[in-house]
Each structure stands twice: as structure tokens, then as C-alpha cells.
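What follows is a set of notes on a single structure, which appears directly below.
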Amino acid sequence: MDNARRSWGAFGSACLLGLVLWTAAARFSQRTEPWDAPDYWAIAYPVAIALCGGLGFAFPDQPWRWALTLMLMQLPVMILGGSGFGLLPLGLVLTAALALPGLGLAYLCGAARRNLF
């Protein structure tokens with residue numbers, strides 16, 4: 001598979017995984033914003049970081065893109081759930097900060113994949 005098709009597959013995977021994860025976190029807790037869910041820090045966020053690592057391993061070329069995409073999918077979930085735009089800039093900053101551990105794991109897993117295969 002060529003690089004462009006592989007990149008679109010990785011992007012689509014990150015979007016889909018992020019939408020499913022963050023929608024589930026918000027819906028099961030009946031919250032608009034996934035990070036307001038009671039189990040966000042114990043379940044959803046660790047799962048997101050693990051998914052970032054998996055995406056980094058599966059798609060090792062510039063894995064930061066897939067990790068950031070997965071984490072940023074919280075924003076469309078919040079907007080579609082009825083959250084206002086008033087705190088959107090703060091939400092972007094917070095989401096980017098929350099993405100840092102996932103970015104790190106994605107890089108480590110991508111490097112491991114490149115060294116193994």
C-alpha cells in the first residue's frame with residue numbers, strides 16, 4: 001500500500017476510534033464533555049493512550065498525527081453533544097496537553113515497530 005493510502009487509513013482509524021471512545025465515555029456517564037465523565041481518568045483516558053500506542057505501532061510513519069487526531073476527536077463529540085463554543089480555545093489547549101502522553105507512547109511504539117521489522 002502506498003504512503004498516501006496508508007496515511008488516510010491511519011487518519012480514518014484514529015478518527016473512528018476517537019469518536020467511538022469519546023462518545024461512549026460521554027454517553028455512558030450522560031455528560032456532554034467526555035472529560036467530565038466520572039471514569040474518564042480511570043478508564044477512557046488510559047484506553048485512549050493505549051490506542052495511541054497501537055496506532056503508532058500499526059502506522060509508524062509520523063505517529064504523532066494519529067495520536068493527536070484520536071485525542072482531538074473529543075472536541076467534535078462535545079460540540080455534537082451540545083457543548084457551547086465559549087470555551088473552545090481552552091478546550092483545544094487542554095486536549096493538546098492531554099495528547100502529550102499519547103504522543104510519547106505513539107513515538108515509542110512506532111520506533112519499536114521500525115526497529116523490529
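We name chains A, B, ... following the order of the C-alpha cells; residues begin at 1 in each chain, and ligands are numbered from 1 as shown.
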key: Exercise: region 8-23 of chain A partners within 10 Å, only C-alpha atoms, chain neighbours under 2 positions left out, as a PyMOL selection string   = chain A and resi 3-6+25-29+31-35+37+40+44-45+47-48+51-52+55-56+58-61+63+65-78+80-81
Save the residues we just selected, C-alpha atoms, as a PDB file, in the first residue's frame?
ATOM      1  CA  ASN A   3       2.069   6.048   1.732  1.00  0.00           C
ATOM      2  CA  ALA A   4      -0.879   8.289   0.895  1.00  0.00           C
ATOM      3  CA  ARG A   5      -3.427   5.475   1.157  1.00  0.00           C
ATOM      4  CA  ARG A   6      -1.795   4.222   4.342  1.00  0.00           C
ATOM      5  CA  ALA A  25     -17.361   7.983  27.612  1.00  0.00           C
ATOM      6  CA  ALA A  26     -19.797  10.877  27.308  1.00  0.00           C
ATOM      7  CA  ARG A  27     -22.932   8.789  26.753  1.00  0.00           C
ATOM      8  CA  PHE A  28     -22.370   6.211  29.478  1.00  0.00           C
ATOM      9  CA  SER A  29     -21.870   8.982  32.005  1.00  0.00           C
ATOM     10  CA  ARG A  31     -22.223  14.091  30.181  1.00  0.00           C
ATOM     11  CA  THR A  32     -21.679  16.482  27.304  1.00  0.00           C
ATOM     12  CA  GLU A  33     -17.923  16.543  27.665  1.00  0.00           C
ATOM     13  CA  PRO A  34     -16.006  13.259  27.867  1.00  0.00           C
ATOM     14  CA  TRP A  35     -13.567  14.615  30.465  1.00  0.00           C
ATOM     15  CA  ALA A  37     -17.253  11.586  32.969  1.00  0.00           C
ATOM     16  CA  TYR A  40     -12.560   9.430  32.382  1.00  0.00           C
ATOM     17  CA  ALA A  44     -11.356   6.348  28.957  1.00  0.00           C
ATOM     18  CA  TYR A  45      -8.093   8.287  29.127  1.00  0.00           C
ATOM     19  CA  VAL A  47      -7.663   3.419  26.853  1.00  0.00           C
ATOM     20  CA  ALA A  48      -7.024   6.454  24.627  1.00  0.00           C
ATOM     21  CA  LEU A  51      -4.929   3.244  21.406  1.00  0.00           C
ATOM     22  CA  CYS A  52      -2.383   5.945  20.562  1.00  0.00           C
ATOM     23  CA  LEU A  55      -1.860   3.382  16.181  1.00  0.00           C
ATOM     24  CA  GLY A  56       1.807   4.332  16.465  1.00  0.00           C
ATOM     25  CA  ALA A  58       0.404  -0.003  13.255  1.00  0.00           C
ATOM     26  CA  PHE A  59       1.285   3.204  11.395  1.00  0.00           C
ATOM     27  CA  PRO A  60       4.846   4.140  12.428  1.00  0.00           C
ATOM     28  CA  ASP A  61       5.361   6.995   9.952  1.00  0.00           C
ATOM     29  CA  PRO A  63       2.783   8.613  14.591  1.00  0.00           C
ATOM     30  CA  ARG A  65      -0.570  12.618  13.782  1.00  0.00           C
ATOM     31  CA  TRP A  66      -2.696   9.639  14.750  1.00  0.00           C
ATOM     32  CA  ALA A  67      -2.339  10.207  18.484  1.00  0.00           C
ATOM     33  CA  LEU A  68      -3.268  13.877  18.190  1.00  0.00           C
ATOM     34  CA  THR A  69      -6.217  13.066  15.918  1.00  0.00           C
ATOM     35  CA  LEU A  70      -7.570  10.484  18.343  1.00  0.00           C
ATOM     36  CA  MET A  71      -7.366  12.901  21.264  1.00  0.00           C
ATOM     37  CA  LEU A  72      -8.798  15.856  19.329  1.00  0.00           C
ATOM     38  CA  MET A  73     -11.886  13.824  18.465  1.00  0.00           C
ATOM     39  CA  GLN A  74     -13.159  14.822  21.926  1.00  0.00           C
ATOM     40  CA  LEU A  75     -13.975  18.250  20.503  1.00  0.00           C
ATOM     41  CA  PRO A  76     -16.478  17.127  17.822  1.00  0.00           C
ATOM     42  CA  VAL A  77     -18.097  14.823  20.395  1.00  0.00           C
ATOM     43  CA  MET A  78     -18.527  17.771  22.753  1.00  0.00           C
ATOM     44  CA  LEU A  80     -22.287  17.456  18.701  1.00  0.00           C
ATOM     45  CA  GLY A  81     -23.346  16.733  22.282  1.00  0.00           C
TER      46      GLY A  81
END
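Between CA of Leu88 (chain A) and CA of Ile43 (chain A) there is a distance of 24.0 Å.
What separates CA of Phe117 (chain A) from CA of Asp2 (chain A) is a distance of 17.3 Å.
Of the listed residues (A:Gly53, A:Phe85, A:Gln62, A:Leu90), A:Gly53 comes nearest to Gly104 (chain A); the distances count only C-alpha atoms.
With CA of Ala24 (chain A) on one side and CA of Leu108 (chain A) on the other, the separation reads 27.2 Å.
Counting only C-alpha atoms and comparing A:Phe57, A:Ala99, A:Val93, A:Trp64, the residue that lies closest to Leu116 (chain A) is A:Phe57.
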